[in-house]
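Since the structure comes first, as structure tokens, the remarks are kept for the end.
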Amino acid sequence: MLMLDTANIEKTKQLARTGLFKGVTTNPTILARSGLDQDAIPGLYEEFAKLPFEKIFFQAIGYTVDEMLESGLEIAALGRNVTVKVPASRLGYEVVTELHRRDISTLLTAAYHPTQAMAAKELGCWGIAPYAGRLEDLGHDPVRTISTMVDILHGSGVHTFASLRSPDIVGVLGARGVTDFTMSVEIAEKIIDNPHTLAAVDAFMRDAESMAQHPSPRGRRTPMHHNR
């Protein structure tokens, strides 16, 4: 399942038309990049819900369990296809536990270590989101770390929801069993618009137009003569 990391409604609509993306996710940083805050979430949900998405994710925020829980409950109340993102921290685990008591779907986010996948499994989360790019920034092998998470979660039903900074890692992680990816609009467009494929399409069209203007003798149709 491919998801978009964005708060850009118009770009989301454009990419949704490809049929490749099954959902959209944001977090406070993504919102801030679009000049938005948590108060924008209901409006974003209203627009995203019009698109053919299976899942929509928003992140709960707060400095205390009560604050984050209140934020998560407000997000969950938006619709049945909403999953609440919660940081994979001590505070987050407490909030997830409370949300699950209310039968609310959750995703552990900002995950960097396989033990956090174990936590997602124990808590019964819908999924966990390791950050591939940031793992690499920290000097870790993102493929190895995320593959270990996949192994830990095998058979549990918990999704390993890799957050990507580059399209190059998609195929590698896909071969290791990762089925769910989230990415920025920029990365999504790079995946969709492969330059080599676009060059081949241009060549096809030039050849087709050339043949239409100068058909070969073999390609010309001869009129049919009927005996009268």
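Letters A, B, ... go to the chains of the structure tokens in the order shown; residues in each chain start at 1; ligands are counted from 1 in the same order.
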Practice item. Find the residues near Val84 in chain A: any atom within 6 Å, counting only C-alpha atoms, skip ones fewer than 3 places away on the same chain, and give them as a list of chain:residue names. Key: A:Phe57, A:Phe58, A:Gln59, A:Thr106
Cut-off 10 Å: closest range 101-184 of chain A/range 1-7 of chain A atom pairs per residue, using only C-alpha atoms, as a tab-separated table:
```
residue	atom	partner	partner_atom	distance
A:His159	CA	A:Met1	CA	9.9
A:Phe161	CA	A:Met1	CA	8.8
A:Ala162	CA	A:Leu2	CA	9.8
A:Ser163	CA	A:Asp5	CA	8.5
A:Leu164	CA	A:Asp5	CA	9.5
A:Val178	CA	A:Met1	CA	9.5
A:Thr179	CA	A:Met1	CA	6.0
A:Asp180	CA	A:Met1	CA	4.5
A:Phe181	CA	A:Leu2	CA	5.0
A:Thr182	CA	A:Met3	CA	4.5
A:Met183	CA	A:Asp5	CA	5.1
A:Ser184	CA	A:Asp5	CA	4.7
```
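Here CA of Asp151 in chain A stands at a distance of 16.1 Å from CA of Trp126 in chain A.
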Those of range 51-141 of chain A in DSSP strand (DSSP E or B), formatted as a PDB file with N, CA, C and O atoms, in the first residue's frame:
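Produced file part00.pdb, reproduced below:
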```
ATOM      1  N   LYS A  55      -7.231   4.658   3.800  1.00  0.00           N
ATOM      2  CA  LYS A  55      -6.775   5.089   5.124  1.00  0.00           C
ATOM      3  C   LYS A  55      -6.355   6.551   5.099  1.00  0.00           C
ATOM      4  O   LYS A  55      -5.776   7.024   4.124  1.00  0.00           O
ATOM      5  N   ILE A  56      -6.655   7.246   6.195  1.00  0.00           N
ATOM      6  CA  ILE A  56      -6.219   8.621   6.384  1.00  0.00           C
ATOM      7  C   ILE A  56      -5.622   8.713   7.785  1.00  0.00           C
ATOM      8  O   ILE A  56      -6.232   8.258   8.757  1.00  0.00           O
ATOM      9  N   PHE A  57      -4.422   9.281   7.877  1.00  0.00           N
ATOM     10  CA  PHE A  57      -3.691   9.328   9.147  1.00  0.00           C
ATOM     11  C   PHE A  57      -3.438  10.771   9.579  1.00  0.00           C
ATOM     12  O   PHE A  57      -2.995  11.585   8.780  1.00  0.00           O
ATOM     13  N   PHE A  58      -3.676  11.046  10.852  1.00  0.00           N
ATOM     14  CA  PHE A  58      -3.281  12.311  11.460  1.00  0.00           C
ATOM     15  C   PHE A  58      -2.613  12.004  12.797  1.00  0.00           C
ATOM     16  O   PHE A  58      -2.941  11.000  13.445  1.00  0.00           O
ATOM     17  N   GLN A  59      -1.698  12.861  13.199  1.00  0.00           N
ATOM     18  CA  GLN A  59      -0.905  12.590  14.406  1.00  0.00           C
ATOM     19  C   GLN A  59      -1.431  13.350  15.620  1.00  0.00           C
ATOM     20  O   GLN A  59      -1.679  14.553  15.561  1.00  0.00           O
ATOM     21  N   VAL A  82     -10.064   6.777   9.654  1.00  0.00           N
ATOM     22  CA  VAL A  82      -8.948   7.512  10.239  1.00  0.00           C
ATOM     23  C   VAL A  82      -8.171   6.626  11.203  1.00  0.00           C
ATOM     24  O   VAL A  82      -8.756   5.907  12.015  1.00  0.00           O
ATOM     25  N   THR A  83      -6.847   6.685  11.098  1.00  0.00           N
ATOM     26  CA  THR A  83      -5.965   6.032  12.060  1.00  0.00           C
ATOM     27  C   THR A  83      -5.146   7.117  12.753  1.00  0.00           C
ATOM     28  O   THR A  83      -4.640   8.024  12.099  1.00  0.00           O
ATOM     29  N   VAL A  84      -5.030   6.998  14.067  1.00  0.00           N
ATOM     30  CA  VAL A  84      -4.323   8.001  14.853  1.00  0.00           C
ATOM     31  C   VAL A  84      -2.849   7.629  14.956  1.00  0.00           C
ATOM     32  O   VAL A  84      -2.506   6.525  15.409  1.00  0.00           O
ATOM     33  N   LYS A  85      -1.991   8.543  14.534  1.00  0.00           N
ATOM     34  CA  LYS A  85      -0.548   8.341  14.658  1.00  0.00           C
ATOM     35  C   LYS A  85      -0.103   8.812  16.049  1.00  0.00           C
ATOM     36  O   LYS A  85      -0.490   9.893  16.501  1.00  0.00           O
ATOM     37  N   VAL A  86       0.727   7.994  16.684  1.00  0.00           N
ATOM     38  CA  VAL A  86       1.216   8.300  18.028  1.00  0.00           C
ATOM     39  C   VAL A  86       2.711   7.990  18.067  1.00  0.00           C
ATOM     40  O   VAL A  86       3.132   6.925  17.594  1.00  0.00           O
ATOM     41  N   PRO A  87       3.548   8.887  18.597  1.00  0.00           N
ATOM     42  CA  PRO A  87       4.986   8.613  18.668  1.00  0.00           C
ATOM     43  C   PRO A  87       5.287   7.355  19.488  1.00  0.00           C
ATOM     44  O   PRO A  87       4.614   7.063  20.481  1.00  0.00           O
ATOM     45  N   THR A 106      -4.521   2.656  15.666  1.00  0.00           N
ATOM     46  CA  THR A 106      -3.330   3.484  15.904  1.00  0.00           C
ATOM     47  C   THR A 106      -2.144   3.033  15.051  1.00  0.00           C
ATOM     48  O   THR A 106      -2.056   1.877  14.640  1.00  0.00           O
ATOM     49  N   LEU A 107      -1.252   3.982  14.840  1.00  0.00           N
ATOM     50  CA  LEU A 107       0.018   3.724  14.166  1.00  0.00           C
ATOM     51  C   LEU A 107       1.129   4.328  15.012  1.00  0.00           C
ATOM     52  O   LEU A 107       1.095   5.531  15.311  1.00  0.00           O
ATOM     53  N   LEU A 108       2.103   3.520  15.399  1.00  0.00           N
ATOM     54  CA  LEU A 108       3.277   4.053  16.096  1.00  0.00           C
ATOM     55  C   LEU A 108       4.190   4.701  15.070  1.00  0.00           C
ATOM     56  O   LEU A 108       4.563   4.074  14.076  1.00  0.00           O
ATOM     57  N   THR A 109       4.558   5.948  15.307  1.00  0.00           N
ATOM     58  CA  THR A 109       5.379   6.669  14.344  1.00  0.00           C
ATOM     59  C   THR A 109       6.699   7.099  14.968  1.00  0.00           C
ATOM     60  O   THR A 109       6.886   6.980  16.179  1.00  0.00           O
ATOM     61  N   ALA A 110       7.610   7.585  14.132  1.00  0.00           N
ATOM     62  CA  ALA A 110       8.954   7.985  14.562  1.00  0.00           C
ATOM     63  C   ALA A 110       9.680   6.818  15.232  1.00  0.00           C
ATOM     64  O   ALA A 110      10.237   6.943  16.313  1.00  0.00           O
ATOM     65  N   ALA A 111       9.679   5.679  14.533  1.00  0.00           N
ATOM     66  CA  ALA A 111      10.322   4.472  15.064  1.00  0.00           C
ATOM     67  C   ALA A 111      11.728   4.327  14.479  1.00  0.00           C
ATOM     68  O   ALA A 111      11.942   4.523  13.283  1.00  0.00           O
ATOM     69  N   GLY A 127      -0.114  -0.454  12.792  1.00  0.00           N
ATOM     70  CA  GLY A 127       1.182  -0.480  12.145  1.00  0.00           C
ATOM     71  C   GLY A 127       2.222   0.338  12.876  1.00  0.00           C
ATOM     72  O   GLY A 127       1.960   0.923  13.928  1.00  0.00           O
ATOM     73  N   ILE A 128       3.421   0.333  12.287  1.00  0.00           N
ATOM     74  CA  ILE A 128       4.535   1.114  12.825  1.00  0.00           C
ATOM     75  C   ILE A 128       5.251   1.778  11.664  1.00  0.00           C
ATOM     76  O   ILE A 128       5.363   1.198  10.579  1.00  0.00           O
ATOM     77  N   ALA A 129       5.704   3.012  11.874  1.00  0.00           N
ATOM     78  CA  ALA A 129       6.332   3.780  10.798  1.00  0.00           C
ATOM     79  C   ALA A 129       7.785   4.095  11.122  1.00  0.00           C
ATOM     80  O   ALA A 129       8.075   5.075  11.812  1.00  0.00           O
ATOM     81  N   PRO A 130       8.722   3.270  10.656  1.00  0.00           N
ATOM     82  CA  PRO A 130      10.148   3.606  10.778  1.00  0.00           C
ATOM     83  C   PRO A 130      10.545   4.616   9.721  1.00  0.00           C
ATOM     84  O   PRO A 130      10.034   4.596   8.602  1.00  0.00           O
ATOM     85  N   TYR A 131      11.460   5.511  10.079  1.00  0.00           N
ATOM     86  CA  TYR A 131      11.920   6.557   9.170  1.00  0.00           C
ATOM     87  C   TYR A 131      13.214   6.112   8.494  1.00  0.00           C
ATOM     88  O   TYR A 131      14.293   6.165   9.095  1.00  0.00           O
TER      89      TYR A 131
END
```
Exercise for review: Would you list the contacts of Ile169 in chain A as a list in words, taking every protein, DNA or RNA residue within 9 Å and counting only C-alpha atoms, but skipping same-chain residues closer than 5 positions in sequence?
Suggested key: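 These residues fall inside the cut-off: Ala132, Val143, Leu164 and Gly174 of chain A.
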Just want the 8 Å neighbourhood of Gly72 in chain A, counted on only C-alpha atoms, with same-chain residues fewer than 3 positions away dropped. Output as an mmCIF file with all heavy atoms, in the first residue's frame.
```cif
data_model
loop_
_atom_site.group_PDB
_atom_site.id
_atom_site.type_symbol
_atom_site.label_atom_id
_atom_site.label_comp_id
_atom_site.auth_asym_id
_atom_site.auth_seq_id
_atom_site.Cartn_x
_atom_site.Cartn_y
_atom_site.Cartn_z
ATOM 1 N N GLN A 59 -1.698 12.861 13.199
ATOM 2 C CA GLN A 59 -0.905 12.590 14.406
ATOM 3 C C GLN A 59 -1.431 13.350 15.620
ATOM 4 O O GLN A 59 -1.679 14.553 15.561
ATOM 5 C CB GLN A 59 0.559 12.961 14.173
ATOM 6 C CG GLN A 59 1.468 12.559 15.327
ATOM 7 C CD GLN A 59 2.918 12.613 14.940
ATOM 8 O OE1 GLN A 59 3.275 12.302 13.798
ATOM 9 N NE2 GLN A 59 3.786 12.996 15.858
ATOM 10 N N ALA A 60 -1.561 12.622 16.709
ATOM 11 C CA ALA A 60 -1.948 13.228 17.977
ATOM 12 C C ALA A 60 -0.742 13.944 18.586
ATOM 13 O O ALA A 60 0.398 13.500 18.441
ATOM 14 C CB ALA A 60 -2.461 12.160 18.941
ATOM 15 N N ILE A 61 -0.999 15.056 19.270
ATOM 16 C CA ILE A 61 0.084 15.801 19.907
ATOM 17 C C ILE A 61 -0.272 16.110 21.355
ATOM 18 O O ILE A 61 -1.444 16.091 21.741
ATOM 19 C CB ILE A 61 0.391 17.119 19.162
ATOM 20 C CG1 ILE A 61 -0.820 18.061 19.192
ATOM 21 C CG2 ILE A 61 0.838 16.845 17.745
ATOM 22 C CD1 ILE A 61 -0.511 19.467 18.709
ATOM 23 N N MET A 68 -2.393 14.396 24.825
ATOM 24 C CA MET A 68 -2.264 13.603 23.609
ATOM 25 C C MET A 68 -3.493 12.728 23.392
ATOM 26 O O MET A 68 -3.938 12.539 22.251
ATOM 27 C CB MET A 68 -0.993 12.753 23.645
ATOM 28 C CG MET A 68 -0.662 12.129 22.297
ATOM 29 S SD MET A 68 0.859 11.148 22.298
ATOM 30 C CE MET A 68 2.082 12.439 22.501
ATOM 31 N N LEU A 69 -4.051 12.219 24.466
ATOM 32 C CA LEU A 69 -5.253 11.394 24.349
ATOM 33 C C LEU A 69 -6.419 12.226 23.826
ATOM 34 O O LEU A 69 -7.163 11.777 22.936
ATOM 35 C CB LEU A 69 -5.607 10.788 25.701
ATOM 36 C CG LEU A 69 -6.868 9.913 25.729
ATOM 37 C CD1 LEU A 69 -6.732 8.736 24.773
ATOM 38 C CD2 LEU A 69 -7.136 9.430 27.153
ATOM 39 N N ILE A 75 -9.143 13.373 16.654
ATOM 40 C CA ILE A 75 -8.798 12.859 15.330
ATOM 41 C C ILE A 75 -9.658 11.643 14.982
ATOM 42 O O ILE A 75 -10.212 11.543 13.882
ATOM 43 C CB ILE A 75 -7.299 12.499 15.272
ATOM 44 C CG1 ILE A 75 -6.451 13.780 15.304
ATOM 45 C CG2 ILE A 75 -6.981 11.670 14.023
ATOM 46 C CD1 ILE A 75 -4.980 13.533 15.535
ATOM 47 N N ALA A 76 -9.787 10.725 15.919
ATOM 48 C CA ALA A 76 -10.549 9.502 15.679
ATOM 49 C C ALA A 76 -12.011 9.802 15.375
ATOM 50 O O ALA A 76 -12.662 9.059 14.622
ATOM 51 C CB ALA A 76 -10.441 8.582 16.886
ATOM 52 N N VAL A 84 -5.030 6.998 14.067
ATOM 53 C CA VAL A 84 -4.323 8.001 14.853
ATOM 54 C C VAL A 84 -2.849 7.629 14.956
ATOM 55 O O VAL A 84 -2.506 6.525 15.409
ATOM 56 C CB VAL A 84 -4.927 8.118 16.268
ATOM 57 C CG1 VAL A 84 -4.184 9.185 17.078
ATOM 58 C CG2 VAL A 84 -6.411 8.444 16.194
ATOM 59 N N LEU A 99 -6.323 4.522 23.764
ATOM 60 C CA LEU A 99 -7.080 4.558 22.513
ATOM 61 C C LEU A 99 -7.616 3.182 22.150
ATOM 62 O O LEU A 99 -8.756 3.043 21.670
ATOM 63 C CB LEU A 99 -6.196 5.110 21.390
ATOM 64 C CG LEU A 99 -5.851 6.601 21.474
ATOM 65 C CD1 LEU A 99 -4.850 6.976 20.379
ATOM 66 C CD2 LEU A 99 -7.094 7.478 21.357
#
```
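The coordinates place CA of Arg33 in chain A at 19.4 Å from CA of Gly62 in chain A.
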Practice item. Choose the residue, out of A:Ile187, A:Val24, A:Val150, A:Leu138, that has the smallest atom-to-atom separation from Ala120 in chain A; count only C-alpha atoms. Key: A:Val150
Study note, to complete from the structure: CA of Val158 in chain A sits from CA of Lys190 in chain A at a separation of 28.0 Å
Practice item. Please run DSSP on the backbone and report, as JSON, numbers by chain, all residues within range 1-225 of chain A that come out as alpha helix (DSSP H). Key: {"A": [9, 10, 11, 12, 13, 14, 15, 16, 28, 29, 30, 31, 32, 33, 41, 42, 43, 44, 45, 46, 47, 48, 65, 66, 67, 68, 69, 70, 71, 72, 73, 74, 75, 76, 90, 91, 92, 93, 94, 95, 96, 97, 98, 99, 100, 101, 114, 115, 116, 117, 118, 119, 120, 121, 122, 123, 132, 133, 134, 135, 136, 137, 142, 143, 144, 145, 146, 147, 148, 149, 150, 151, 152, 153, 168, 169, 170, 171, 172, 173, 174, 175, 185, 186, 187, 188, 189, 190, 191, 192, 195, 196, 197, 198, 199, 200, 201, 202, 203, 204, 205, 206, 207, 208, 209, 210, 211, 212, 213]}
Review point. What's the 9 Å shell around Phe48 in chain A, counting only C-alpha atoms, without same-chain residues fewer than 5 positions away, as a count of residues only?
Key: 8
